[in-house]
Amino acid sequence: MKQKNRDQSLSESRELDGSYDQLTDSIEDDFELSTVCHRPESMDKLEEQTKFTKKELQVLYRGFKNECPSGVVNEENFKNIYSQFFPQGDSSMYAHFLFEAFDTNKNGSVSFEDFVFGLSIILRGTINDRLNWAFNLYDLNKDGCITKEEMLDIMKSIYDMMGKYTYPTMMDDAPREHVESFFQKMDQNRDGVVTIDEFIDSCKKDENIMQSMELFDNVI
Ligand SMILES: [Ca+2]
Ligand SMILES: [Ca+2]
Ligand SMILES: [Ca+2]
């Protein structure tokens with residue numbers, strides 16, 4: 001009896017919301033197809049290489065496929081997705097930097113693998129893993145050190161993303177001041193660039209940075 005009721009309401013909801021069901025069904029089929037037929041080892045491998053369970057990877061994959069049915073994200077898709085989260089500002093520059101940090105094999109697209117490797121570090125990595133990832137994000141030309149100009153570009157892109165309402169025009173100097181104070185702290189040997197060792201060491205000494213990292217631990 002109970003079963004029957006459930007089936008009944010299920011079929012009713014199917015009728016009401018047929019298109020949605022079709023969509024989720026096809027995503028699920030897609031997922032099974034690609035796991036079973038195309039890449040049987042890939043999910044197992046990803047589970048080994050990341051800090052996600054297979055179940056979590058499946059959920060992430062479904063979301064990824066939903067946003068990007070082709071299975072890869074190019075920079076423009078990435079910017080579009082990102083702009084939805086920051087409608088009040090211009091997130092395109094920051095999204096560009098972030099895209100380059102996610103696209104680890106530098107082929108101009110972020111695959112599901114690129115995506116979960118990055119996410120695994122950001123959300124579940126050790127403090128050192130996360131700081132390494134952040135360093136790579138800030139090191140815009142990926143030459144192994146962060147210049148003041150690179151940090152300023154990143155900082156401006158973050159201010160742009162947050163929008164003019166959050167940071168009114170009278171605070172136009174804010175990014176530069178922010179960078180100056182960061183650099184004071186981080187460039188320990190005063191040679192004008194921040195190396196990975198200086199970066200990790202100064203971040204670990206900074207309570208604010210450490211606290212914002214712990215935030216992730218509490219959310220996920
Ligand atoms: Ca890639
Ligand atoms: Ca650099
Ligand atoms: Ca230095």
# chains A, B, ... in the order shown; residues from 1 in each chain; ligands from 1
>>> residues_near_ligand(ligand="ligand 3", cutoff="6 Å", atoms="only C-alpha atoms and all ligand atoms", output="PDB file with C-alpha atoms, in the first residue's frame")
ATOM      1  CA  ASP A 187      58.914  40.123   0.804  1.00  0.00           C
ATOM      2  CA  GLN A 188      61.086  39.183   3.748  1.00  0.00           C
ATOM      3  CA  ASN A 189      64.491  39.708   2.119  1.00  0.00           C
ATOM      4  CA  ARG A 190      63.350  42.916   0.378  1.00  0.00           C
ATOM      5  CA  ASP A 191      64.435  41.886  -3.117  1.00  0.00           C
ATOM      6  CA  GLY A 192      61.187  43.032  -4.722  1.00  0.00           C
ATOM      7  CA  VAL A 193      59.608  39.622  -5.325  1.00  0.00           C
ATOM      8  CA  VAL A 194      57.804  37.111  -3.133  1.00  0.00           C
ATOM      9  CA  THR A 195      59.000  33.523  -3.444  1.00  0.00           C
TER      10      THR A 195
END
>>> residues_near_ligand(ligand="ligand 1", cutoff="9 Å", atoms="only C-alpha atoms and all ligand atoms", output="mmCIF file with C-alpha atoms, in the first residue's frame")
data_model
loop_
_atom_site.group_PDB
_atom_site.id
_atom_site.type_symbol
_atom_site.label_atom_id
_atom_site.label_comp_id
_atom_site.auth_asym_id
_atom_site.auth_seq_id
_atom_site.Cartn_x
_atom_site.Cartn_y
_atom_site.Cartn_z
ATOM 1 C CA VAL A 72 34.967 20.860 -20.744
ATOM 2 C CA VAL A 73 34.822 24.522 -19.818
ATOM 3 C CA ASN A 74 36.505 27.149 -21.945
ATOM 4 C CA GLU A 100 44.507 29.810 -15.631
ATOM 5 C CA PHE A 102 42.549 25.574 -12.768
ATOM 6 C CA ASP A 103 43.784 24.773 -16.275
ATOM 7 C CA THR A 104 46.890 23.052 -14.998
ATOM 8 C CA ASN A 105 47.854 21.412 -18.302
ATOM 9 C CA LYS A 106 47.486 24.757 -20.106
ATOM 10 C CA ASN A 107 45.380 23.526 -22.989
ATOM 11 C CA GLY A 108 42.859 26.358 -22.798
ATOM 12 C CA SER A 109 40.068 24.368 -21.202
ATOM 13 C CA VAL A 110 39.147 23.142 -17.763
ATOM 14 C CA SER A 111 38.201 19.486 -17.850
ATOM 15 C CA PHE A 112 36.345 17.737 -15.060
ATOM 16 C CA GLU A 113 39.727 16.403 -13.900
ATOM 17 C CA ASP A 114 41.280 19.888 -13.815
ATOM 18 C CA PHE A 115 38.245 21.068 -11.891
#
>>> atom_distance(atom1="CA of Leu57 (chain A)", atom2="CA of Phe135 (chain A)")
25.7 Å
>>> residues_near_ligand(ligand="ligand 2", cutoff="9 Å", atoms="only C-alpha atoms and all ligand atoms", output="CSV table (one decimal) with N, CA and C atoms, in the first residue's frame")
chain,number,residue,atom,x,y,z
A,136,ASN,N,50.3,29.9,-6.8
A,136,ASN,CA,50.3,29.7,-8.3
A,136,ASN,C,49.2,30.6,-9.0
A,138,TYR,N,48.4,33.6,-7.8
A,138,TYR,CA,48.9,35.0,-7.8
A,138,TYR,C,50.1,35.2,-8.7
A,139,ASP,N,50.8,34.1,-8.9
A,139,ASP,CA,52.0,34.2,-9.8
A,139,ASP,C,51.5,34.1,-11.3
A,140,LEU,N,51.1,35.2,-11.7
A,140,LEU,CA,50.3,35.3,-13.0
A,140,LEU,C,51.1,34.7,-14.2
A,141,ASN,N,52.4,35.0,-14.3
A,141,ASN,CA,53.1,34.5,-15.4
A,141,ASN,C,53.8,33.2,-15.1
A,142,LYS,N,53.5,32.6,-14.0
A,142,LYS,CA,54.0,31.3,-13.5
A,142,LYS,C,55.5,31.1,-13.6
A,143,ASP,N,56.2,32.2,-13.2
A,143,ASP,CA,57.7,32.1,-13.3
A,143,ASP,C,58.3,31.8,-11.9
A,144,GLY,N,57.4,31.5,-10.9
A,144,GLY,CA,58.0,31.0,-9.6
A,144,GLY,C,58.1,32.1,-8.6
A,145,CYS,N,57.8,33.4,-8.9
A,145,CYS,CA,57.7,34.4,-7.9
A,145,CYS,C,56.7,35.4,-8.2
A,146,ILE,N,56.2,36.1,-7.2
A,146,ILE,CA,55.1,37.1,-7.3
A,146,ILE,C,55.7,38.5,-7.2
A,147,THR,N,55.4,39.3,-8.2
A,147,THR,CA,55.9,40.7,-8.2
A,147,THR,C,54.8,41.5,-7.6
A,149,GLU,N,53.5,44.0,-9.1
A,149,GLU,CA,52.5,44.2,-10.2
A,149,GLU,C,51.5,43.1,-10.3
A,150,GLU,N,52.0,41.9,-10.2
A,150,GLU,CA,51.1,40.7,-10.2
A,150,GLU,C,50.1,40.8,-9.1
A,193,VAL,N,60.5,40.7,-4.9
A,193,VAL,CA,59.6,39.6,-5.3
A,193,VAL,C,59.3,38.7,-4.1
A,194,VAL,N,58.2,38.1,-4.2
A,194,VAL,CA,57.8,37.1,-3.1
A,194,VAL,C,58.0,35.7,-3.7
>>> atom_distance(atom1="CA of Thr126 (chain A)", atom2="CA of Glu56 (chain A)")
18.9 Å
>>> closest_residue(among="A:Leu46, A:Ile154, A:Val59, A:Val116", to="Phe97 (chain A)", atoms="only C-alpha atoms")
A:Ile154
